[in-house]
Every structure is written in C-alpha cells, then in structure tokens.
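Working notes for the structure below.
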Amino acid sequence: MSLKDNVVRLLEEALDERPSLFLINYKVHPDNSIEVIIDGDQGVKVEDCIAISRAIEHNLDREEEDFSLQVMSAGVSEGLVHLRQYKKNIGRKLKVKTNEEKFEGELISATDDSITLTWKTREPKPVGKGKVTVTKEASIAYKHIVEAKVMITF
C-alpha cells in the first residue's frame with residue numbers, strides 16, 4: 001500500500017472517531033511531506049490537530065518510508081469549500097464571487113444546494129429625489145460559486 005493510500009485510510013478512521021471534524025484538503029508531496037487541512041462544526045482546537053496528527057503518525061512506519069506531517073485548521077484566508085463550512089458560518093458576513101458578479105452580505109441560510117445572502121444598499125427613491133435604504137437578498141447555487149470568504153470585521 002502506498003504512503004498516500006495509508007494516509008487516506010488513517011485520515012478517514014481518525015475523522016470517523018471525531019464526527020464534528022471534517023477534511024478540507026490533504027496533499028502527499030513527492031518528498032513524502034504530508035499536509036492535512038481540517039475544519040470543524042465548532043471550529044478546530046489545537047488538541048484536534050494533535051489527535052489527527054497522532055492517528056496518522058503513530059500508524060506509519062518511519063523505517064519503511066521517511067515522511068514529515070503537518071496538520072492544520074482551515075484559515076479564514078482560504079475561503080469556504082465544504083457545505084459544512086457554510087452552515088457553521090450562518091450569521092457571518094461573506095464575500096462571494098460567481099462567474100457573473102460579486103456579492104457581500106450576511107449568510108442567512110445554507111441548504112444542500114445553495115446559500116442565501118442578505119445586505120442593505122442605498123437606492124434612488126422610486127418617486128422624488130433622494131435615496132432610500134433597501135434590503136436585498138440573493139440565493140446562490142454552490143455550483144455557481146467561484147470563491148467564498150468570510151469577511152473579518154474589527
């Protein structure tokens with residue numbers, strides 16, 4: 001069994017034991033350096049990264065193949081890629097890019113097929129001069145999302 005196959009099997013076992021965690025991405029590079037990125041429904045603690053790391057490291061034989069292992073949590077700069085990431089970020093402000101347009105708004109729902117954002121904007125009054133604040137809403141299918149990131153506000 002290849003190193004990559006072993007890593008995949010060990011990752012699946014480790015994540016099965018921790019149902020609140022899920023895999024975002026993993027890579028096994030040609031130099032046998034292994035990178036694992038995880039996320040969790042309630043976030044990821046250092047202890048979670050250590051547990052996943054140990055589950056992999058303790059079941060691979062360094063005598064057979066030398067390797068390096070890095071397990072990390074998904075950073076906010078990386079964007080959302082997994083349905084569970086959208087669900088855990090309901091109530092937060094997102095910047096979403098599709099092929100046609102860009103949206104910035106509060107994520108108010110995440111279904112199995114799409115997300116819904118809402119935001120306020122100023123538009124000209126229908127009658128007369130001046131502007132009025134209007135609440136807009138957009139439903140965006142996951143298949144149309146090119147990039148989605150949580151906006152950090154201070």
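Convention: chains lettered A, B, ... in structure tokens order; per-chain residue numbering from 1; ligands numbered from 1 as shown.
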DSSP on the backbone: which residues in stretch 7-135 of chain A end up as helix (DSSP H, G or I)? Give the answer as number ranges by chain.
A: 7-17, 46-57, 76-78, 83-88
Quick one: DSSP strand (DSSP E or B) residues in stretch 4-146 of chain A, as a count of residues only?
63
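With atom CA of A:Lys136 on one side and atom CA of A:Arg84 on the other, the separation reads 24.6 Å.
With distances taken over only C-alpha atoms, A:Ala14 is the one residue among A:Leu21, A:Asn32, A:Val76, A:Ala14 lying closest to A:Ser53.
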